[in-house]
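Enquirer: The structure under discussion is supplied below as structure tokens; questions concerning it will follow.
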Amino acid sequence: MNMKKLYLSISFIFIISLCYGRFQEDMPDLSNVKIVTTQVAGNIYMLEATGDVAGNIAVSAGPDGILLVDTQFASLSDLILAELSIITKGNIKFIINTHHHIDHTHGNGALGDAPIVIAHANALKRLLHMPHERHPTITFHDRISLFFNGEKIDIVHYPHGHTDSDVVVFFTASNVIHMGDLWNSGISSFPTVDIEAGGSITGMLEHIEELIRIIPIDAKIIPGHYALSGLDDLKSTMKMLQDTIGLVMEKKAAGISLKDIKKEGFPSRYDSWGTAYTNAETWIENIYHGLDQNIPKKIAKIQKKAKQIYKNEKGFWEAEFIDGHVMVHIPGGEFPMGSEDGLSNERPVHQVYLDEYWLGKYPVTVGQFRKFVKETGYVTDAEKGKGSWQFWEGEWIVRMDGNWKNPYFEQEEDHPVVSVSWNDAVAFCRWLSKKTGLDIKLPTAAQWEKGARGMDGRKFPWGNDKPDGTKANYADINYWDKYKDARQPDKNINDGYTETSPVGTYPKGSSPYGLLDMAGNVWEWCHDVYQPDYYTASPKKNPSGPPISGEPDQERVNRGGGSWTDRSGHITPKGGHNLRSAARTGDEQNSSDDHMGFRICIDYFKR
């Protein structure tokens, strides 16, 4: 199946066999269980209960003491303590619970009185109804970090996967990750999802896809159950989810009955996957019945307004709206903002957490802006007497007759609109909001940068390789033929365009989320007020820029990884114009120029 057309009229459901209620009725026989210890990396160990009767434990042992991730059952505590005594003589200082199920938390209170228990806030809510557990004393919502035994330990919430309380624990220096039951397939196995506890197959698949993008290739992964694993095994589970969900969806859409889908089954390569938690027929049934259930509320809101929603080639949701507007869903999470390689206004590099949002796949086009003007009679700032900055006779000047209809070069309807001010872009967003019923706005600078470079700190949307003329539209031999050395163009490159190019012309320059034209073509307006040293005091969560003064010529942030006027990957002394995703500058919000456009955004927080 082509996952690009995995429409979000679906969601998926799986019935867990290990949820709290059933587990209380069917407590496993632990009389013959042994604890097996594996040294994973350095001072990180894994404790595994034979027979897979309880979740895997991660151990950090060192000069600061012992930290555990999960604790199995209380009746196994003596065996666990015996294994710990072989590893180290230290005391247990911290316990991290990956979620609330008792095969991971039951031993919290049996391993001594000293440990501090850390878990997600949703785990605490559920453990309060389980009086035999030791309840977490430190809770959090998005993420929290510890510095213990010489390394930073990041604990990150991944909502609505196995449960609504799942966390993944990253031992950053050791390159070890404990995924809890968000992934319990140390062997090939159809997964478990506790729907009653906020779990979702949709969320599980999306989280696994996201983690595959950020986990180092050589990392060791401790799954919730079964053997120590790695990235290749996780990729195998992702492919299974994509394949089996897609297969059932296609057959159901074709009108094939559940009985016949079960009879046809899955491809033979998945024969062994039904031997652990559930068999193939049950998995098919749960997918089949879950196709129309449990759509996340925020995605469902978009779905109702969109013409269609599907997975793009990068594995992220895309929504198509009226007039050719396409938006890509960017999951919530943290990323490094800024760069040490650019101008001073890009420093310091700092971690920023953003809630989920949607960002336009392309800049707004001439044709889309023309429709706005036609329907509203809107007159741009340039047309009101401000004019537009153009390159003319060897210098940049304001030409009073320059505007979006007359940028002094040829544009087609599918080229990005230019010579529009920040005010014009905001007016367009307000108009489109009324037409679609969605709160459309300009992206914040942080939203723009994360969309461009993802979470791994890359220089360009496509990675760290220098632009070569196939990934972005920038100043090349065509530019030089017309404008000469105004921007020191790369004369060895010929991309076929002198000024702007049709949006989406450079698929090789795609960002990690599938966004296009995030480098070259046009610089883009962002919501934020521009302040060169803003990064020194920027909030860690959902930053939206310095306070708004209300002055008509207040500077606003420009982003875009350069434009058709810029030289590839080079920093100029003034303005920072180049193709790197961290590059930023500012212009008066009522000004316009022939290499400035914008793209649209939908988010869920108050600015």
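Within each chain, counting starts at residue 1; across the structure tokens, chains are named A, B, ... in the order shown, with ligands numbered 1 upward in that order.
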List the neighbours of Phe170 of chain A out to 9 Å using only C-alpha atoms; skip same-chain residues closer than 5 positions along the sequence, and give me the result as an MDAnalysis selection string.
Expert: chainID A and resid 152:156 175:179
Enquirer: May I have all residues of segment 484-572 of chain A that DSSP, computed from the backbone, assigns to strand (DSSP E or B), given as a PyMOL selection string?
Expert: chain A and resi 490+520+523-529+541+555-559
Enquirer: For each of A:Gly230, A:Gly463, A:Gly561, A:Pro267, take the minimum atom-to-atom distance to Asp243 of chain A, counting only C-alpha atoms, then give the residue where this is smallest.
Expert: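 Checking each of A:Gly230, A:Gly463, A:Gly561, A:Pro267 against Asp243 of chain A, counting only C-alpha atoms, the winner is A:Pro267.
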Enquirer: What's the 7 Å shell around Val36 of chain A, counting only C-alpha atoms, without same-chain residues fewer than 4 positions away, as a PDB file with N, CA, C and O atoms, in the first residue's frame?
Expert:
```pdb
ATOM      1  N   LEU A  47      17.896  -6.007  33.393  1.00  0.00           N
ATOM      2  CA  LEU A  47      17.439  -7.159  34.157  1.00  0.00           C
ATOM      3  C   LEU A  47      16.170  -7.682  33.509  1.00  0.00           C
ATOM      4  O   LEU A  47      15.184  -6.950  33.369  1.00  0.00           O
ATOM      5  N   GLU A  48      16.192  -8.956  33.122  1.00  0.00           N
ATOM      6  CA  GLU A  48      15.076  -9.559  32.395  1.00  0.00           C
ATOM      7  C   GLU A  48      14.546 -10.753  33.175  1.00  0.00           C
ATOM      8  O   GLU A  48      15.311 -11.614  33.633  1.00  0.00           O
ATOM      9  N   ALA A  49      13.235 -10.806  33.349  1.00  0.00           N
ATOM     10  CA  ALA A  49      12.607 -11.941  34.021  1.00  0.00           C
ATOM     11  C   ALA A  49      12.382 -13.053  33.009  1.00  0.00           C
ATOM     12  O   ALA A  49      11.830 -12.820  31.934  1.00  0.00           O
TER      13      ALA A  49
END
```
Enquirer: Pick out each residue of segment 240-357 of chain A that DSSP on the backbone tags as helix (DSSP H, G or I); I need them as number ranges by chain.
Expert: A: 240-253, 258-264, 268-275, 280-290, 297-305, 322-324, 344-346
Enquirer: Which of these, A:Asp381, A:Glu313, A:Asp414, A:Asp164, has the shortest distance to Gln589 of chain A once you count only C-alpha atoms?
Expert: A:Asp381
Enquirer: May I ask which of the residues A:Gly496, A:Asn542, A:Ile201, A:Arg487 is the closest one to Thr572 of chain A, counting only C-alpha atoms?
Expert: A:Arg487
Enquirer: Give me the residues within 8 Å of segment 499-502 of chain A as a JSON list (two decimals) with N, CA and C atoms, in the first residue's frame, counting only C-alpha atoms and dropping any in the same chain fewer than 4 places off.
Expert:
```
[["chain", "number", "residue", "atom", "x", "y", "z"],
["A", 409, "PHE", "N", 10.08, 40.89, -12.69],
["A", 409, "PHE", "CA", 10.49, 39.66, -13.38],
["A", 409, "PHE", "C", 9.24, 38.82, -13.58],
["A", 411, "GLN", "N", 6.59, 35.85, -13.41],
["A", 411, "GLN", "CA", 6.15, 34.81, -12.49],
["A", 411, "GLN", "C", 4.88, 34.16, -13.02],
["A", 412, "GLU", "N", 4.77, 32.85, -12.81],
["A", 412, "GLU", "CA", 3.54, 32.12, -13.10],
["A", 412, "GLU", "C", 2.71, 32.00, -11.83],
["A", 414, "ASP", "N", 1.99, 29.46, -10.11],
["A", 414, "ASP", "CA", 2.50, 28.52, -9.11],
["A", 414, "ASP", "C", 3.84, 28.93, -8.51],
["A", 415, "HIS", "N", 4.28, 30.16, -8.79],
["A", 415, "HIS", "CA", 5.48, 30.68, -8.14],
["A", 415, "HIS", "C", 5.10, 31.30, -6.79],
["A", 416, "PRO", "N", 6.03, 31.38, -5.84],
["A", 416, "PRO", "CA", 5.70, 32.01, -4.56],
["A", 416, "PRO", "C", 5.48, 33.50, -4.73],
["A", 473, "ASN", "N", 16.59, 26.66, -4.94],
["A", 473, "ASN", "CA", 16.72, 27.69, -5.97],
["A", 473, "ASN", "C", 17.45, 28.89, -5.38],
["A", 479, "TYR", "N", 21.36, 33.87, -12.52],
["A", 479, "TYR", "CA", 21.33, 35.12, -11.75],
["A", 479, "TYR", "C", 22.46, 36.04, -12.21],
["A", 521, "ASN", "N", 14.49, 30.07, -3.03],
["A", 521, "ASN", "CA", 13.24, 30.57, -3.60],
["A", 521, "ASN", "C", 12.82, 31.91, -2.98],
["A", 522, "VAL", "N", 12.27, 31.93, -1.75],
["A", 522, "VAL", "CA", 11.96, 33.21, -1.10],
["A", 522, "VAL", "C", 12.26, 33.13, 0.39],
["A", 564, "TRP", "N", 16.20, 33.21, -3.88],
["A", 564, "TRP", "CA", 16.82, 33.15, -5.21],
["A", 564, "TRP", "C", 17.94, 34.17, -5.36],
["A", 565, "THR", "N", 18.02, 35.15, -4.44],
["A", 565, "THR", "CA", 19.08, 36.16, -4.51],
["A", 565, "THR", "C", 20.33, 35.75, -3.76]]
```
Enquirer: What's the separation between atom CA of Ile214 of chain A and atom CA of Ser581 of chain A, in Å to one decimal place?
Expert: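 Straight-line distance from atom CA of Ile214 of chain A to atom CA of Ser581 of chain A works out to 18.3 Å.
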Enquirer: Could you pull the residues within 12 Å of Phe598 of chain A, counting only C-alpha atoms, minus those fewer than 2 positions along the same chain, as an mmCIF file with N, CA, C and O atoms, in the first residue's frame?
Expert:
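After the write, selection10.cif holds the following:
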```cif
data_model
loop_
_atom_site.group_PDB
_atom_site.id
_atom_site.type_symbol
_atom_site.label_atom_id
_atom_site.label_comp_id
_atom_site.auth_asym_id
_atom_site.auth_seq_id
_atom_site.Cartn_x
_atom_site.Cartn_y
_atom_site.Cartn_z
ATOM 1 N N LEU A 359 2.146 23.157 9.361
ATOM 2 C CA LEU A 359 2.871 24.179 8.618
ATOM 3 C C LEU A 359 2.654 23.967 7.125
ATOM 4 O O LEU A 359 2.633 22.822 6.652
ATOM 5 N N GLY A 360 2.485 25.069 6.387
ATOM 6 C CA GLY A 360 2.291 24.970 4.958
ATOM 7 C C GLY A 360 3.429 24.217 4.285
ATOM 8 O O GLY A 360 4.599 24.476 4.553
ATOM 9 N N LYS A 361 3.084 23.297 3.395
ATOM 10 C CA LYS A 361 4.115 22.525 2.706
ATOM 11 C C LYS A 361 4.902 23.405 1.749
ATOM 12 O O LYS A 361 6.087 23.167 1.513
ATOM 13 N N TYR A 362 4.243 24.423 1.212
ATOM 14 C CA TYR A 362 4.877 25.330 0.262
ATOM 15 C C TYR A 362 4.616 26.778 0.683
ATOM 16 O O TYR A 362 3.672 27.057 1.426
ATOM 17 N N PRO A 363 5.404 27.727 0.171
ATOM 18 C CA PRO A 363 5.033 29.136 0.349
ATOM 19 C C PRO A 363 3.725 29.423 -0.384
ATOM 20 O O PRO A 363 3.362 28.731 -1.345
ATOM 21 N N VAL A 364 3.017 30.435 0.057
ATOM 22 C CA VAL A 364 1.784 30.862 -0.631
ATOM 23 C C VAL A 364 2.157 31.333 -2.032
ATOM 24 O O VAL A 364 3.144 32.055 -2.227
ATOM 25 N N THR A 365 1.370 30.928 -3.010
ATOM 26 C CA THR A 365 1.696 31.207 -4.410
ATOM 27 C C THR A 365 1.035 32.488 -4.915
ATOM 28 O O THR A 365 0.124 33.042 -4.280
ATOM 29 N N VAL A 366 1.491 32.907 -6.081
ATOM 30 C CA VAL A 366 0.898 34.066 -6.750
ATOM 31 C C VAL A 366 -0.595 33.837 -6.985
ATOM 32 O O VAL A 366 -1.431 34.710 -6.727
ATOM 33 N N GLN A 368 -2.697 31.834 -5.395
ATOM 34 C CA GLN A 368 -3.460 31.836 -4.143
ATOM 35 C C GLN A 368 -3.631 33.249 -3.623
ATOM 36 O O GLN A 368 -4.704 33.615 -3.139
ATOM 37 N N PHE A 369 -2.593 34.074 -3.718
ATOM 38 C CA PHE A 369 -2.699 35.459 -3.266
ATOM 39 C C PHE A 369 -3.619 36.247 -4.188
ATOM 40 O O PHE A 369 -4.392 37.110 -3.729
ATOM 41 N N HIS A 415 4.283 30.156 -8.792
ATOM 42 C CA HIS A 415 5.483 30.681 -8.143
ATOM 43 C C HIS A 415 5.099 31.299 -6.794
ATOM 44 O O HIS A 415 3.958 31.748 -6.612
ATOM 45 N N PRO A 416 6.028 31.381 -5.845
ATOM 46 C CA PRO A 416 5.699 32.006 -4.559
ATOM 47 C C PRO A 416 5.476 33.504 -4.735
ATOM 48 O O PRO A 416 6.245 34.178 -5.429
ATOM 49 N N VAL A 417 4.430 34.013 -4.104
ATOM 50 C CA VAL A 417 4.157 35.444 -4.189
ATOM 51 C C VAL A 417 5.285 36.207 -3.486
ATOM 52 O O VAL A 417 5.811 35.767 -2.457
ATOM 53 N N VAL A 418 5.692 37.341 -4.050
ATOM 54 C CA VAL A 418 6.737 38.179 -3.470
ATOM 55 C C VAL A 418 6.238 39.616 -3.420
ATOM 56 O O VAL A 418 5.139 39.932 -3.876
ATOM 57 N N SER A 419 7.066 40.491 -2.882
ATOM 58 C CA SER A 419 6.733 41.914 -2.748
ATOM 59 C C SER A 419 5.452 42.103 -1.942
ATOM 60 O O SER A 419 4.606 42.946 -2.273
ATOM 61 N N VAL A 420 5.312 41.297 -0.882
ATOM 62 C CA VAL A 420 4.208 41.461 0.061
ATOM 63 C C VAL A 420 4.798 41.754 1.433
ATOM 64 O O VAL A 420 5.857 41.219 1.795
ATOM 65 N N SER A 421 4.157 42.585 2.201
ATOM 66 C CA SER A 421 4.621 42.935 3.537
ATOM 67 C C SER A 421 4.127 41.931 4.567
ATOM 68 O O SER A 421 3.272 41.083 4.268
ATOM 69 N N TRP A 422 4.641 42.061 5.791
ATOM 70 C CA TRP A 422 4.132 41.249 6.898
ATOM 71 C C TRP A 422 2.651 41.520 7.108
ATOM 72 O O TRP A 422 1.864 40.595 7.327
ATOM 73 N N ASN A 423 2.243 42.787 7.009
ATOM 74 C CA ASN A 423 0.828 43.139 7.165
ATOM 75 C C ASN A 423 -0.024 42.438 6.114
ATOM 76 O O ASN A 423 -1.130 41.963 6.408
ATOM 77 N N ASP A 424 0.477 42.391 4.864
ATOM 78 C CA ASP A 424 -0.261 41.731 3.789
ATOM 79 C C ASP A 424 -0.416 40.239 4.083
ATOM 80 O O ASP A 424 -1.487 39.655 3.867
ATOM 81 N N ALA A 425 0.652 39.616 4.590
ATOM 82 C CA ALA A 425 0.609 38.187 4.895
ATOM 83 C C ALA A 425 -0.397 37.894 6.007
ATOM 84 O O ALA A 425 -1.153 36.914 5.947
ATOM 85 N N VAL A 426 -0.437 38.748 7.026
ATOM 86 C CA VAL A 426 -1.390 38.574 8.121
ATOM 87 C C VAL A 426 -2.824 38.735 7.614
ATOM 88 O O VAL A 426 -3.729 37.979 8.001
ATOM 89 N N ALA A 427 -3.046 39.696 6.739
ATOM 90 C CA ALA A 427 -4.385 39.894 6.167
ATOM 91 C C ALA A 427 -4.822 38.662 5.382
ATOM 92 O O ALA A 427 -5.984 38.244 5.448
ATOM 93 N N PHE A 428 -3.899 38.067 4.637
ATOM 94 C CA PHE A 428 -4.209 36.842 3.899
ATOM 95 C C PHE A 428 -4.608 35.725 4.867
ATOM 96 O O PHE A 428 -5.583 35.000 4.626
ATOM 97 N N CYS A 429 -3.872 35.573 5.965
ATOM 98 C CA CYS A 429 -4.170 34.522 6.942
ATOM 99 C C CYS A 429 -5.557 34.707 7.552
ATOM 100 O O CYS A 429 -6.302 33.736 7.753
ATOM 101 N N LYS A 441 -2.498 31.338 10.707
ATOM 102 C CA LYS A 441 -1.646 32.478 11.064
ATOM 103 C C LYS A 441 -0.267 32.272 10.454
ATOM 104 O O LYS A 441 0.006 31.252 9.808
ATOM 105 N N LEU A 442 0.606 33.231 10.658
ATOM 106 C CA LEU A 442 2.001 33.049 10.277
ATOM 107 C C LEU A 442 2.695 32.186 11.327
ATOM 108 O O LEU A 442 2.384 32.278 12.518
ATOM 109 N N PRO A 443 3.646 31.356 10.911
ATOM 110 C CA PRO A 443 4.373 30.552 11.904
ATOM 111 C C PRO A 443 5.269 31.422 12.768
ATOM 112 O O PRO A 443 5.725 32.492 12.341
ATOM 113 N N THR A 444 5.512 30.979 13.980
ATOM 114 C CA THR A 444 6.547 31.618 14.779
ATOM 115 C C THR A 444 7.903 31.245 14.172
ATOM 116 O O THR A 444 8.018 30.282 13.403
ATOM 117 N N ALA A 445 8.933 31.989 14.553
ATOM 118 C CA ALA A 445 10.274 31.679 14.047
ATOM 119 C C ALA A 445 10.707 30.279 14.468
ATOM 120 O O ALA A 445 11.366 29.558 13.714
ATOM 121 N N TRP A 448 8.919 27.733 12.324
ATOM 122 C CA TRP A 448 9.523 27.703 10.989
ATOM 123 C C TRP A 448 10.824 26.908 11.016
ATOM 124 O O TRP A 448 11.059 26.036 10.173
ATOM 125 N N VAL A 503 6.718 26.479 -6.801
ATOM 126 C CA VAL A 503 6.870 25.837 -5.496
ATOM 127 C C VAL A 503 6.930 24.326 -5.677
ATOM 128 O O VAL A 503 6.277 23.762 -6.555
ATOM 129 N N ASP A 517 10.782 23.990 -0.294
ATOM 130 C CA ASP A 517 11.154 25.404 -0.443
ATOM 131 C C ASP A 517 11.509 26.045 0.899
ATOM 132 O O ASP A 517 11.323 27.244 1.085
ATOM 133 N N MET A 518 12.023 25.248 1.827
ATOM 134 C CA MET A 518 12.470 25.808 3.100
ATOM 135 C C MET A 518 13.884 26.366 2.992
ATOM 136 O O MET A 518 14.405 26.930 3.948
ATOM 137 N N ASN A 521 14.486 30.074 -3.026
ATOM 138 C CA ASN A 521 13.241 30.574 -3.601
ATOM 139 C C ASN A 521 12.824 31.910 -2.979
ATOM 140 O O ASN A 521 12.986 32.940 -3.600
ATOM 141 N N VAL A 522 12.275 31.930 -1.748
ATOM 142 C CA VAL A 522 11.965 33.209 -1.101
ATOM 143 C C VAL A 522 12.260 33.130 0.392
ATOM 144 O O VAL A 522 12.161 32.071 1.009
ATOM 145 N N TRP A 523 12.655 34.263 0.964
ATOM 146 C CA TRP A 523 12.608 34.414 2.410
ATOM 147 C C TRP A 523 11.141 34.516 2.811
ATOM 148 O O TRP A 523 10.282 34.847 1.977
ATOM 149 N N GLU A 524 10.834 34.234 4.090
ATOM 150 C CA GLU A 524 9.439 34.165 4.507
ATOM 151 C C GLU A 524 9.221 34.915 5.818
ATOM 152 O O GLU A 524 10.020 34.799 6.754
ATOM 153 N N TRP A 525 8.116 35.643 5.857
ATOM 154 C CA TRP A 525 7.728 36.356 7.079
ATOM 155 C C TRP A 525 7.337 35.369 8.178
ATOM 156 O O TRP A 525 6.684 34.360 7.910
ATOM 157 N N CYS A 526 7.713 35.690 9.404
ATOM 158 C CA CYS A 526 7.251 34.949 10.585
ATOM 159 C C CYS A 526 6.510 35.895 11.522
ATOM 160 O O CYS A 526 6.608 37.117 11.401
ATOM 161 N N HIS A 527 5.806 35.325 12.460
ATOM 162 C CA HIS A 527 5.000 36.105 13.405
ATOM 163 C C HIS A 527 5.847 37.024 14.276
ATOM 164 O O HIS A 527 5.457 38.148 14.582
ATOM 165 N N VAL A 557 10.480 39.057 12.051
ATOM 166 C CA VAL A 557 11.494 38.078 11.669
ATOM 167 C C VAL A 557 11.271 37.596 10.238
ATOM 168 O O VAL A 557 10.141 37.347 9.817
ATOM 169 N N ASN A 558 12.370 37.468 9.508
ATOM 170 C CA ASN A 558 12.381 36.820 8.191
ATOM 171 C C ASN A 558 13.129 35.496 8.322
ATOM 172 O O ASN A 558 14.214 35.452 8.891
ATOM 173 N N ARG A 559 12.554 34.443 7.800
ATOM 174 C CA ARG A 559 13.228 33.143 7.739
ATOM 175 C C ARG A 559 13.101 32.615 6.317
ATOM 176 O O ARG A 559 12.332 33.105 5.525
ATOM 177 N N GLY A 560 13.853 31.595 6.018
ATOM 178 C CA GLY A 560 13.690 31.004 4.699
ATOM 179 C C GLY A 560 14.921 30.319 4.167
ATOM 180 O O GLY A 560 14.920 29.830 3.040
ATOM 181 N N SER A 563 17.125 32.953 -0.383
ATOM 182 C CA SER A 563 16.168 33.048 -1.480
ATOM 183 C C SER A 563 16.897 32.923 -2.798
ATOM 184 O O SER A 563 18.082 32.591 -2.845
ATOM 185 N N SER A 592 8.172 45.748 1.789
ATOM 186 C CA SER A 592 8.056 44.630 0.853
ATOM 187 C C SER A 592 9.330 44.556 0.033
ATOM 188 O O SER A 592 9.991 45.568 -0.190
ATOM 189 N N HIS A 595 12.116 39.401 -2.951
ATOM 190 C CA HIS A 595 12.485 38.028 -2.597
ATOM 191 C C HIS A 595 11.899 37.637 -1.235
ATOM 192 O O HIS A 595 12.435 36.774 -0.555
ATOM 193 N N MET A 596 10.766 38.257 -0.865
ATOM 194 C CA MET A 596 10.127 37.962 0.415
ATOM 195 C C MET A 596 8.701 37.487 0.197
ATOM 196 O O MET A 596 7.904 38.147 -0.478
ATOM 197 N N ILE A 600 1.877 29.479 5.644
ATOM 198 C CA ILE A 600 0.856 29.546 6.693
ATOM 199 C C ILE A 600 1.060 28.456 7.739
ATOM 200 O O ILE A 600 1.783 27.481 7.527
ATOM 201 N N CYS A 601 0.377 28.634 8.875
ATOM 202 C CA CYS A 601 0.546 27.750 10.033
ATOM 203 C C CYS A 601 -0.784 27.628 10.781
ATOM 204 O O CYS A 601 -1.611 28.542 10.761
#
```
Enquirer: Identify which of the residues A:Pro532, A:Pro539, A:Gly377, A:Gly569 lies closest to Gly586 of chain A, counting only C-alpha atoms when measuring atom-to-atom distances.
Expert: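 Once distances to Gly586 of chain A are computed over only C-alpha atoms, the minimum belongs to A:Pro532.
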Enquirer: Can you pull out the residues contacting Thr275 of chain A? Cut-off 12 Å, using only C-alpha atoms, and skip same-chain residues under 5 positions away; I want them as a list in words.
Expert: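 Here the answer would be Ser185, Ile187, Ser188, Ser189, Phe190, Pro191, Tyr270, Ala280, Glu281, Thr282 and Trp283 of chain A.
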Enquirer: Would you list the contacts of Tyr408 of chain A as a VMD selection string, taking every protein, DNA or RNA residue within 10 Å and counting only C-alpha atoms, but skipping same-chain residues closer than 2 positions in sequence?
Expert: chain A and resid 390 to 392 399 401 to 406 410 to 411 594
Enquirer: Atom CA of Ala472 of chain A and atom CA of Glu346 of chain A, how far apart in Å?
Expert: 21.7 Å
Enquirer: Considering only C-alpha atoms, state which residue in the set A:Gly504, A:Gly42, A:Gly437, A:Gly514 is at the smallest distance from Pro461 of chain A.
Expert: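 Ranked by minimum distance to Pro461 of chain A, first place goes to A:Gly514.
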